[in-house]
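Undergrad: Just one file: my_file-v3.txt, with compact mmCIF, C-alpha atoms and all ligand atoms.
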# COMPACT_ATOMS: atom_id res chain seq x y z
CA MET A 939 0.00 0.00 0.00
CA ASN A 940 3.05 2.27 0.39
CA LYS A 941 3.27 2.54 -3.34
CA TYR A 942 0.50 5.20 -3.29
CA THR A 943 1.56 8.86 -3.11
CA TYR A 944 -1.18 11.21 -1.94
CA LEU A 945 -1.16 14.82 -3.20
CA TYR A 946 -3.61 17.03 -1.31
CA PHE A 947 -5.02 20.21 -2.86
CA GLU A 948 -6.78 22.84 -0.77
CA SER A 949 -8.63 23.71 -3.97
CA ILE A 950 -8.18 22.55 -7.57
CA SER A 951 -10.15 22.83 -10.79
CA SER A 952 -10.15 19.08 -11.50
CA THR A 953 -8.04 16.26 -10.05
CA ASN A 954 -8.41 14.36 -13.34
CA THR A 955 -7.15 17.34 -15.35
CA PHE A 956 -4.22 17.80 -12.94
CA LEU A 957 -3.05 14.20 -13.47
CA LYS A 958 -3.67 14.47 -17.22
CA GLU A 959 -1.44 17.55 -17.43
CA ASN A 960 1.32 16.13 -15.21
CA TYR A 961 1.29 12.38 -15.82
CA LYS A 962 4.75 12.35 -17.42
CA ASP A 963 6.40 13.68 -14.24
CA LEU A 964 4.36 11.70 -11.75
CA ASP A 965 4.75 8.10 -10.63
CA GLU A 966 2.15 5.47 -11.17
CA PHE A 967 -0.21 5.27 -8.16
CA THR A 968 -0.12 9.01 -7.49
CA ILE A 969 -3.44 10.12 -6.05
CA ALA A 970 -4.56 13.75 -6.31
CA TYR A 971 -7.36 14.62 -3.87
CA THR A 972 -9.33 17.61 -2.65
CA TYR A 973 -12.40 18.69 -0.74
CA ASN A 974 -12.84 21.66 -3.05
CA GLN A 975 -12.93 20.82 -6.74
CA THR A 976 -14.04 23.87 -8.68
CA ASN A 977 -14.32 22.70 -12.29
CA GLY A 978 -14.71 18.95 -12.07
CA ARG A 979 -15.68 16.93 -15.10
CA GLY A 980 -18.24 14.16 -15.24
CA ARG A 981 -19.24 11.63 -17.87
CA MET A 982 -21.12 12.79 -20.98
CA GLY A 983 -19.76 16.34 -20.60
CA ARG A 984 -21.40 16.88 -17.21
CA VAL A 985 -19.99 19.01 -14.39
CA TRP A 986 -18.97 17.46 -11.05
CA ASN A 987 -17.70 19.73 -8.30
CA GLY A 988 -18.51 17.99 -5.07
CA GLY A 989 -17.75 20.66 -2.48
CA ARG A 990 -16.30 20.84 1.03
CA ASP A 991 -18.43 18.08 2.52
CA ASN A 992 -17.43 15.55 -0.09
CA ILE A 993 -14.25 14.18 -1.64
CA ALA A 994 -12.88 14.17 -5.18
CA PHE A 995 -9.80 12.15 -6.07
CA SER A 996 -8.02 10.68 -9.07
CA ILE A 997 -5.61 7.77 -9.37
CA LEU A 998 -2.82 7.71 -11.95
CA LEU A 999 -2.13 4.29 -13.49
CA LYS A 1000 0.42 3.23 -16.08
CA PRO A 1001 -0.42 -0.42 -16.71
CA LYS A 1002 0.77 -2.57 -19.58
CA LYS A 1003 -2.78 -3.81 -20.05
CA LYS A 1004 -5.08 -1.57 -22.02
CA ASP A 1005 -8.56 -2.27 -20.84
CA ILE A 1006 -10.08 0.97 -19.65
CA ALA A 1007 -13.62 -0.40 -19.62
CA ILE A 1008 -12.69 -3.05 -17.05
CA LEU A 1009 -10.67 -0.52 -15.04
CA SER A 1010 -13.66 1.73 -14.69
CA LEU A 1011 -15.89 -1.18 -13.58
CA LEU A 1012 -13.24 -2.24 -11.09
CA ALA A 1013 -13.11 1.29 -9.67
CA GLY A 1014 -16.89 1.20 -9.23
CA LEU A 1015 -16.68 -2.07 -7.32
CA SER A 1016 -13.94 -0.63 -5.05
CA VAL A 1017 -16.14 2.34 -4.12
CA SER A 1018 -19.21 0.17 -3.65
CA CYS A 1019 -17.36 -2.20 -1.27
CA ALA A 1020 -15.89 0.74 0.69
CA ILE A 1021 -19.29 2.40 1.20
CA ASP A 1022 -20.91 -0.93 2.10
CA ARG A 1023 -19.15 -0.55 5.46
CA TYR A 1024 -21.71 2.19 6.22
CA ILE A 1025 -24.72 1.22 4.10
CA ASN A 1026 -25.51 -1.19 1.26
CA THR A 1027 -24.85 0.07 -2.23
CA SER A 1028 -25.44 -1.24 -5.71
CA ILE A 1029 -23.71 -0.48 -9.00
CA LYS A 1030 -25.54 1.14 -11.90
CA TRP A 1031 -23.54 -0.02 -14.90
CA PRO A 1032 -20.95 1.01 -15.77
CA ASN A 1033 -19.93 2.60 -12.48
CA ASP A 1034 -22.41 4.87 -10.75
CA ILE A 1035 -22.82 3.89 -7.12
CA ILE A 1036 -26.37 3.87 -5.86
CA ILE A 1037 -27.94 4.01 -2.41
CA ASN A 1038 -31.73 3.68 -2.25
CA ASP A 1039 -32.20 4.59 -5.94
CA LYS A 1040 -29.99 7.68 -5.74
CA LYS A 1041 -26.43 8.30 -6.91
CA VAL A 1042 -23.74 8.71 -4.24
CA CYS A 1043 -20.65 8.47 -6.45
CA GLY A 1044 -19.63 9.11 -10.05
CA ILE A 1045 -16.50 7.88 -11.80
CA LEU A 1046 -14.72 9.27 -14.85
CA ALA A 1047 -12.00 7.02 -16.29
CA GLU A 1048 -9.80 8.57 -18.96
CA SER A 1049 -6.86 7.31 -20.99
CA ILE A 1050 -3.89 9.09 -22.50
CA ILE A 1051 -2.38 7.12 -25.33
CA SER A 1052 1.01 8.37 -26.52
CA ASN A 1053 3.85 6.54 -28.21
CA LYS A 1054 5.97 6.62 -25.04
CA ILE A 1055 3.82 6.01 -21.96
CA ASP A 1056 0.17 5.19 -21.80
CA ALA A 1057 -1.55 6.53 -18.74
CA TYR A 1058 -4.95 5.91 -17.24
CA ILE A 1059 -6.70 8.20 -14.84
CA VAL A 1060 -9.54 7.01 -12.68
CA GLY A 1061 -11.41 9.96 -11.16
CA ILE A 1062 -13.83 9.38 -8.31
CA GLY A 1063 -16.27 11.82 -6.74
CA ILE A 1064 -18.10 10.65 -3.60
CA ASN A 1065 -20.86 12.58 -1.84
CA VAL A 1066 -19.87 11.97 1.75
CA ASN A 1067 -21.43 14.49 4.17
CA GLN A 1068 -23.54 16.71 1.89
CA MET A 1069 -26.99 17.21 3.42
CA ASP A 1070 -28.65 19.37 0.73
CA PHE A 1071 -28.60 19.08 -3.02
CA PRO A 1072 -29.71 21.67 -5.60
CA SER A 1073 -33.34 21.23 -6.66
CA ASP A 1074 -32.44 19.94 -10.15
CA ILE A 1075 -30.60 16.90 -8.74
CA LYS A 1076 -32.34 16.50 -5.38
CA ASP A 1077 -34.39 13.51 -6.51
CA LYS A 1078 -31.42 11.64 -7.96
CA ALA A 1079 -28.41 12.48 -5.73
CA THR A 1080 -27.60 11.40 -2.21
CA SER A 1081 -24.68 11.24 0.25
CA ILE A 1082 -23.50 8.65 2.76
CA LYS A 1083 -24.41 10.92 5.68
CA LEU A 1084 -27.95 11.45 4.41
CA ASN A 1085 -28.44 7.71 4.75
CA VAL A 1086 -26.63 6.96 7.98
CA ASN A 1087 -27.22 10.18 9.91
CA LYS A 1088 -23.68 10.68 11.10
CA ASP A 1089 -20.56 12.52 9.96
CA ILE A 1090 -18.18 10.38 7.99
CA ASN A 1091 -14.43 10.97 7.71
CA GLN A 1092 -13.95 11.81 4.02
CA LYS A 1093 -10.28 10.80 3.87
CA GLU A 1094 -11.04 7.47 5.51
CA VAL A 1095 -13.60 6.73 2.78
CA MET A 1096 -10.97 7.43 0.11
CA GLU A 1097 -8.38 5.26 1.87
CA ASP A 1098 -10.86 2.39 2.11
CA VAL A 1099 -11.61 2.74 -1.60
CA ILE A 1100 -7.87 2.53 -2.32
CA LYS A 1101 -7.54 -0.65 -0.21
CA TYR A 1102 -10.23 -2.37 -2.27
CA PHE A 1103 -8.91 -0.87 -5.49
CA ASP A 1104 -5.39 -2.16 -4.80
CA ASP A 1105 -6.59 -5.72 -4.32
CA LEU A 1106 -8.88 -5.67 -7.36
CA TYR A 1107 -6.26 -4.00 -9.56
CA ASN A 1108 -3.72 -6.73 -8.69
CA ARG A 1109 -6.28 -9.36 -9.60
CA TYR A 1110 -6.90 -7.55 -12.88
CA LEU A 1111 -3.15 -7.41 -13.66
CA ASN A 1112 -2.96 -11.17 -12.98
CA ASP A 1113 -5.80 -11.76 -15.45
CA ASP A 1114 -8.12 -12.77 -12.64
CA TYR A 1115 -11.46 -11.29 -13.69
CA SER A 1116 -13.50 -13.16 -11.09
CA PHE A 1117 -14.48 -9.80 -9.55
CA ILE A 1118 -16.97 -9.36 -12.40
CA GLU A 1119 -19.14 -11.86 -10.55
CA GLU A 1120 -19.14 -9.47 -7.57
CA ILE A 1121 -20.22 -6.62 -9.88
CA ARG A 1122 -22.98 -8.84 -11.27
CA LYS A 1123 -24.33 -9.43 -7.77
CA LYS A 1124 -24.52 -5.68 -7.19
CA ASN A 1125 -26.15 -4.93 -10.57
CA TYR A 1126 -28.68 -2.17 -9.86
CA LEU A 1127 -30.09 -2.39 -13.38
CA LYS A 1128 -30.88 -6.12 -13.42
CA ASP A 1129 -34.35 -6.72 -14.94
CA LYS A 1130 -35.03 -2.99 -15.23
CA THR A 1131 -36.37 -1.46 -18.43
CA GLY A 1132 -35.21 1.78 -19.97
CA ILE A 1133 -33.28 3.35 -22.80
CA ILE A 1134 -29.65 2.99 -23.76
CA ASN A 1135 -28.04 4.35 -26.92
CA ASN A 1136 -31.54 5.37 -28.12
CA LYS A 1137 -32.91 1.83 -27.81
CA LYS A 1138 -35.70 0.72 -25.53
CA CYS A 1139 -34.66 -2.43 -23.72
CA LYS A 1140 -34.59 -4.56 -20.60
CA VAL A 1141 -31.35 -5.29 -18.76
CA ILE A 1142 -30.52 -8.98 -18.55
CA ASP A 1143 -27.01 -9.17 -17.07
CA ILE A 1144 -23.35 -8.16 -17.25
CA ASP A 1145 -21.13 -10.55 -19.21
CA ASN A 1146 -17.63 -11.83 -18.36
CA GLU A 1147 -16.01 -8.94 -20.23
CA GLY A 1148 -18.03 -6.39 -18.27
CA ASN A 1149 -20.45 -5.50 -21.09
CA LEU A 1150 -24.10 -4.85 -20.35
CA ILE A 1151 -26.41 -7.43 -21.90
CA VAL A 1152 -29.84 -6.09 -22.77
CA GLU A 1153 -32.88 -7.45 -24.56
CA ASP A 1154 -34.53 -5.19 -27.13
CA GLU A 1155 -38.22 -4.97 -27.98
CA ASN A 1156 -37.89 -7.89 -30.44
CA LYS A 1157 -36.41 -10.07 -27.66
CA GLU A 1158 -33.01 -9.90 -29.30
CA LEU A 1159 -29.98 -9.86 -27.00
CA ILE A 1160 -27.59 -6.94 -27.48
CA LYS A 1161 -24.13 -6.48 -25.98
CA VAL A 1162 -23.61 -2.86 -24.92
CA LEU A 1163 -19.97 -1.76 -24.61
CA SER A 1164 -20.56 1.80 -23.44
CA GLY A 1165 -23.34 4.26 -22.84
CA GLU A 1166 -25.66 5.40 -20.13
CA PHE A 1167 -28.87 3.64 -19.23
CA SER A 1168 -31.88 5.83 -18.36
CA LEU A 1169 -34.58 4.09 -16.44
CA GLN A 1170 -38.04 4.27 -17.92
CA SER A 1171 -39.79 4.98 -14.66
CA PHE A 1172 -39.14 7.68 -12.08
CA TYR A 1173 -35.35 7.57 -11.90
CA LYS A 1174 -33.29 9.35 -14.53
CA CYS A 1175 -29.54 9.60 -14.20
C1 LIG B 1 -20.07 11.18 -13.53
O1 LIG B 1 -20.84 10.54 -12.84
O2 LIG B 1 -20.45 11.87 -14.47
C2 LIG B 1 -18.60 11.08 -13.23
C3 LIG B 1 -18.15 12.07 -12.20
C4 LIG B 1 -16.65 11.98 -11.93
C5 LIG B 1 -16.18 13.06 -10.99
C6 LIG B 1 -14.78 12.85 -10.52
S1 LIG B 1 -14.40 13.87 -9.12
C7 LIG B 1 -12.72 13.50 -9.26
C8 LIG B 1 -12.38 13.46 -10.73
N1 LIG B 1 -12.04 14.77 -11.23
C9 LIG B 1 -12.90 15.21 -12.15
O3 LIG B 1 -12.82 16.30 -12.76
N2 LIG B 1 -13.86 14.29 -12.34
C10 LIG B 1 -13.65 13.11 -11.52
Please go through the file and, once you have read it, give me the structure as structure tokens.
TA:
Amino acid sequence: MNKYTYLYFESISSTNTFLKENYKDLDEFTIAYTYNQTNGRGRMGRVWNGGRDNIAFSILLKPKKKDIAILSLLAGLSVSCAIDRYINTSIKWPNDIIINDKKVCGILAESIISNKIDAYIVGIGINVNQMDFPSDIKDKATSIKLNVNKDINQKEVMEDVIKYFDDLYNRYLNDDYSFIEEIRKKNYLKDKTGIINNKKCKVIDIDNEGNLIVEDENKELIKVLSGEFSLQSFYKC
């Protein structure tokens, strides 16, 4: 675990952007973290800032293996296991972490492919102690504290995530993908209907490569490699 170097920022625009701009000079397993991210980036061009009550951090990886899709699933499982210590979570494929139908964590995995070093950045934003959310996201966002009614140490949550991440990442490097079974068990979307990549469908499962398997309206099975699933009913992410 000593291989991780933690860089704390009082305030920073985006921990992902910081690692992206400095990856050449930083060692693998550098973690940039802050409680005040001012211009954080989410998936699908969204904004993710977090704020003082929460935590935002990014891990720099330089693996020989080039499977960013699996890395981002693995990061989701690490967060889910770490938060399970406080309250049960599930995983909304690919890697949103859900408590009682609301999102508590978002993950943005990015890759830098150059001819010298390839780098991967896994950025994680966890709502830890936030008690109020703006009205536009109130019905779909939550925090750990909102569910357990006590203050949680933000840094401890991050360190727990890293413990799980370290174990899962080693398994991944050793071609042990058995953790996908653990993701399957936590599949928030199982049997739910909704829309992904403009197609109406029902979620069947997650396959051994981490793809989402859905059934379309003609009962045909489709393997989805990336995208975001919007539920048909009340919950939209
Ligand atoms: C999403 O759900 O859209 C993904 C959100 C990812 C946010 C994290 S916070 C730490 C890291 N730095 C960023 O700018 N984004 C990620």
Undergrad: Select from chain A every residue with an atom at most 6 Å from any atom of ligand LIG 1 (chain B), then for each give the shortest pair of atoms and their distance in Å to one decimal, using only C-alpha atoms and all ligand atoms, rows by chain and rising number, as CSV.
TA:
residue,atom,partner,partner_atom,distance
A:Ser952,CA,B:LIG1,O3,4.1
A:Thr953,CA,B:LIG1,N1,4.4
A:Asn954,CA,B:LIG1,N1,4.2
A:Gly978,CA,B:LIG1,O3,3.3
A:Arg979,CA,B:LIG1,O3,3.7
A:Gly980,CA,B:LIG1,O2,3.3
A:Arg981,CA,B:LIG1,O2,3.6
A:Arg984,CA,B:LIG1,O2,5.8
A:Trp986,CA,B:LIG1,C5,5.2
A:Ala994,CA,B:LIG1,C7,4.1
A:Phe995,CA,B:LIG1,C7,4.5
A:Ser996,CA,B:LIG1,C8,5.4
A:Gly1044,CA,B:LIG1,O1,3.4
A:Ile1045,CA,B:LIG1,C2,4.1
A:Leu1046,CA,B:LIG1,C4,4.4
A:Gly1061,CA,B:LIG1,C8,3.7
A:Ile1062,CA,B:LIG1,C6,4.2
A:Gly1063,CA,B:LIG1,S1,3.7
Undergrad: Considering all atoms listed in the file, tabulate each residue of segment 970-1035 of chain A that lies at most 12 Å from segment 1084-1091 of chain A along with its nearest interatomic pair and the corresponding distance in Å to one decimal; arrange the rows by chain and ascending residue number and present them as a Markdown table.
TA:
| residue | atom | partner | partner_atom | distance |
| --- | --- | --- | --- | --- |
| A:Tyr973 | CA | A:Asn1091 | CA | 11.6 |
| A:Asp991 | CA | A:Ile1090 | CA | 9.4 |
| A:Asn992 | CA | A:Asn1091 | CA | 9.5 |
| A:Ile993 | CA | A:Asn1091 | CA | 9.9 |
| A:Ile1021 | CA | A:Ile1090 | CA | 10.5 |
| A:Asp1022 | CA | A:Val1086 | CA | 11.4 |
| A:Arg1023 | CA | A:Val1086 | CA | 10.9 |
| A:Tyr1024 | CA | A:Val1086 | CA | 7.1 |
| A:Ile1025 | CA | A:Val1086 | CA | 7.2 |
| A:Asn1026 | CA | A:Asn1085 | CA | 10.0 |
| A:Thr1027 | CA | A:Asn1085 | CA | 11.0 |
Undergrad: Rounded to one decimal place, report the atom CA of Cys1139 of chain A-atom CA of Leu1159 of chain A distance in Å.
TA: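 Straight-line distance from atom CA of Cys1139 of chain A to atom CA of Leu1159 of chain A works out to 9.4 Å.
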Undergrad: Which residue out of A:Ser1081, A:Thr943, A:Gln1068, A:Ser1073 has the minimum interatomic distance to Val1042 of chain A when all atoms listed in the file are used?
TA: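 The shortest atom-to-atom distance to Val1042 of chain A comes from A:Ser1081.
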Undergrad: Rounded to one decimal, what separation in Å do you get between atom CA of Tyr971 of chain A and atom CA of Ile1050 of chain A?
TA: 19.7 Å
Undergrad: Could you state the separation of atom CA of Leu1106 of chain A and atom CA of Lys1030 of chain A in Å, given to one decimal place?
TA: 18.6 Å
Undergrad: Given only C-alpha atoms, how would the per-residue table for segment 984-1079 of chain A near segment 1115-1135 of chain A read, listing every residue at most 10 Å away with its closest atom pair and distance in Å to one decimal, sorted by chain and number, as a Markdown table?
TA:
| residue | atom | partner | partner_atom | distance |
| --- | --- | --- | --- | --- |
| A:Ile1008 | CA | A:Ile1118 | CA | 8.9 |
| A:Leu1011 | CA | A:Ile1121 | CA | 7.9 |
| A:Leu1012 | CA | A:Phe1117 | CA | 7.8 |
| A:Gly1014 | CA | A:Ile1121 | CA | 8.5 |
| A:Leu1015 | CA | A:Ile1121 | CA | 6.3 |
| A:Ser1016 | CA | A:Ile1121 | CA | 9.9 |
| A:Ser1018 | CA | A:Lys1124 | CA | 8.7 |
| A:Cys1019 | CA | A:Glu1120 | CA | 9.8 |
| A:Asn1026 | CA | A:Lys1124 | CA | 9.6 |
| A:Thr1027 | CA | A:Lys1124 | CA | 7.6 |
| A:Ser1028 | CA | A:Lys1124 | CA | 4.8 |
| A:Ile1029 | CA | A:Asn1125 | CA | 5.3 |
| A:Lys1030 | CA | A:Tyr1126 | CA | 5.0 |
| A:Trp1031 | CA | A:Asn1125 | CA | 7.0 |
| A:Pro1032 | CA | A:Asn1125 | CA | 9.5 |
| A:Asn1033 | CA | A:Ile1121 | CA | 9.6 |
| A:Asp1034 | CA | A:Tyr1126 | CA | 9.5 |
| A:Ile1035 | CA | A:Tyr1126 | CA | 8.9 |
| A:Ile1036 | CA | A:Tyr1126 | CA | 7.6 |
| A:Ile1037 | CA | A:Tyr1126 | CA | 9.7 |
| A:Asp1039 | CA | A:Tyr1126 | CA | 8.6 |
Undergrad: Given the choices A:Asp1005, A:Glu966, A:Asn987, A:Thr955, which gets closest to Leu1111 of chain A if the distance is worked out from all atoms listed in the file?
TA: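 For Leu1111 of chain A, the nearest of the candidates is A:Asp1005.
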Undergrad: May I ask which of the residues A:Ile1142, A:Val985, A:Ile997, A:Val1095 is the closest one to Asn1067 of chain A, counting all atoms listed in the file?
TA: A:Val1095
Undergrad: Find the residues near Leu945 of chain A: any atom within 8 Å, counting only C-alpha atoms, skip ones fewer than 3 places away on the same chain, and give them as a PyMOL selection string.
TA: chain A and resi 968-971
Undergrad: Using all atoms listed in the file, give me every residue within 6 Å of (-8.9, 1.9, -8.1) in file coordinates, as a compact mmCIF listing (two decimals) with C-alpha atoms, in the coordinates of the input.
TA:
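Saved to result_14.txt:
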# COMPACT_ATOMS: atom_id res chain seq x y z
CA ALA A 1013 -13.11 1.29 -9.67
CA ILE A 1100 -7.87 2.53 -2.32
CA PHE A 1103 -8.91 -0.87 -5.49
Undergrad: Which of these residues is nearest to Glu1153 of chain A, using all atoms listed in the file: A:Val1141, A:Ala1020, A:Ala1047, A:Ser949?
TA: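 Closest residue, counting all atoms listed in the file: A:Val1141.
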Undergrad: Counting only C-alpha atoms, which residue out of A:Tyr961, A:Gln1170, A:Asn1108, A:Val1162 sits closest to Lys1138 of chain A?
TA: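 That would be A:Gln1170, the residue with the smallest distance to Lys1138 of chain A.
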Undergrad: From the coordinates supplied, segment 1029-1039 of chain A should be written with all heavy atoms, as a short mmCIF file (atom, residue, chain, number, x, y, z; two decimals), in the first residue's frame.
TA:
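Full text of part37.cif as output:
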data_model
loop_
_atom_site.label_atom_id
_atom_site.label_comp_id
_atom_site.auth_asym_id
_atom_site.auth_seq_id
_atom_site.Cartn_x
_atom_site.Cartn_y
_atom_site.Cartn_z
N ILE A 1029 -24.47 -1.12 -7.93
CA ILE A 1029 -23.71 -0.48 -9.00
C ILE A 1029 -24.61 -0.33 -10.23
O ILE A 1029 -25.14 -1.32 -10.73
CB ILE A 1029 -22.46 -1.31 -9.37
CG1 ILE A 1029 -21.57 -1.50 -8.13
CG2 ILE A 1029 -21.68 -0.65 -10.51
CD1 ILE A 1029 -20.37 -2.42 -8.36
N LYS A 1030 -24.78 0.91 -10.66
CA LYS A 1030 -25.54 1.14 -11.90
C LYS A 1030 -24.51 1.17 -13.03
O LYS A 1030 -23.70 2.10 -13.11
CB LYS A 1030 -26.30 2.47 -11.81
CG LYS A 1030 -27.09 2.80 -13.06
CD LYS A 1030 -27.93 4.06 -12.85
CE LYS A 1030 -28.72 4.39 -14.09
NZ LYS A 1030 -27.98 5.20 -15.06
N TRP A 1031 -24.54 0.13 -13.84
CA TRP A 1031 -23.54 -0.02 -14.90
C TRP A 1031 -23.40 1.26 -15.70
O TRP A 1031 -24.41 1.88 -16.02
CB TRP A 1031 -23.98 -1.17 -15.83
CG TRP A 1031 -22.99 -1.51 -16.89
CD1 TRP A 1031 -22.01 -2.46 -16.81
CD2 TRP A 1031 -22.90 -0.94 -18.20
NE1 TRP A 1031 -21.30 -2.50 -17.99
CE2 TRP A 1031 -21.83 -1.57 -18.85
CE3 TRP A 1031 -23.60 0.06 -18.89
CZ2 TRP A 1031 -21.45 -1.26 -20.16
CZ3 TRP A 1031 -23.23 0.39 -20.18
CH2 TRP A 1031 -22.16 -0.27 -20.80
N PRO A 1032 -22.18 1.72 -16.05
CA PRO A 1032 -20.95 1.01 -15.77
C PRO A 1032 -20.40 1.23 -14.35
O PRO A 1032 -19.81 0.31 -13.80
CB PRO A 1032 -19.96 1.58 -16.80
CG PRO A 1032 -20.49 2.93 -17.12
CD PRO A 1032 -21.98 2.88 -16.95
N ASN A 1033 -20.57 2.43 -13.79
CA ASN A 1033 -19.93 2.60 -12.48
C ASN A 1033 -20.52 3.68 -11.58
O ASN A 1033 -19.81 4.23 -10.74
CB ASN A 1033 -18.41 2.84 -12.67
CG ASN A 1033 -18.15 3.99 -13.61
OD1 ASN A 1033 -19.00 4.84 -13.77
ND2 ASN A 1033 -16.99 4.02 -14.22
N ASP A 1034 -21.79 3.98 -11.74
CA ASP A 1034 -22.41 4.87 -10.75
C ASP A 1034 -22.73 4.04 -9.52
O ASP A 1034 -23.19 2.90 -9.63
CB ASP A 1034 -23.75 5.44 -11.28
CG ASP A 1034 -23.54 6.52 -12.31
OD1 ASP A 1034 -22.40 7.01 -12.45
OD2 ASP A 1034 -24.52 6.88 -12.99
N ILE A 1035 -22.52 4.63 -8.34
CA ILE A 1035 -22.82 3.89 -7.12
C ILE A 1035 -24.12 4.44 -6.55
O ILE A 1035 -24.31 5.65 -6.42
CB ILE A 1035 -21.66 4.02 -6.09
CG1 ILE A 1035 -20.33 3.61 -6.75
CG2 ILE A 1035 -21.94 3.17 -4.85
CD1 ILE A 1035 -20.32 2.24 -7.39
N ILE A 1036 -25.00 3.51 -6.21
CA ILE A 1036 -26.37 3.87 -5.86
C ILE A 1036 -26.70 3.43 -4.43
O ILE A 1036 -26.39 2.32 -4.03
CB ILE A 1036 -27.37 3.16 -6.83
CG1 ILE A 1036 -27.04 3.49 -8.30
CG2 ILE A 1036 -28.82 3.48 -6.50
CD1 ILE A 1036 -27.31 4.91 -8.75
N ILE A 1037 -27.35 4.36 -3.71
CA ILE A 1037 -27.94 4.01 -2.41
C ILE A 1037 -29.42 4.36 -2.51
O ILE A 1037 -29.76 5.51 -2.84
CB ILE A 1037 -27.34 4.82 -1.24
CG1 ILE A 1037 -25.81 4.65 -1.15
CG2 ILE A 1037 -27.99 4.43 0.09
CD1 ILE A 1037 -25.14 5.53 -0.10
N ASN A 1038 -30.28 3.44 -2.22
CA ASN A 1038 -31.73 3.68 -2.25
C ASN A 1038 -32.17 4.47 -3.49
O ASN A 1038 -32.81 5.52 -3.39
CB ASN A 1038 -32.16 4.44 -0.99
CG ASN A 1038 -32.03 3.56 0.23
OD1 ASN A 1038 -32.20 2.34 0.15
ND2 ASN A 1038 -31.69 4.16 1.36
N ASP A 1039 -31.80 4.00 -4.66
CA ASP A 1039 -32.20 4.59 -5.94
C ASP A 1039 -31.57 5.94 -6.26
O ASP A 1039 -31.99 6.61 -7.22
CB ASP A 1039 -33.73 4.73 -6.05
CG ASP A 1039 -34.42 3.37 -6.09
OD1 ASP A 1039 -33.90 2.47 -6.76
OD2 ASP A 1039 -35.47 3.23 -5.45
#
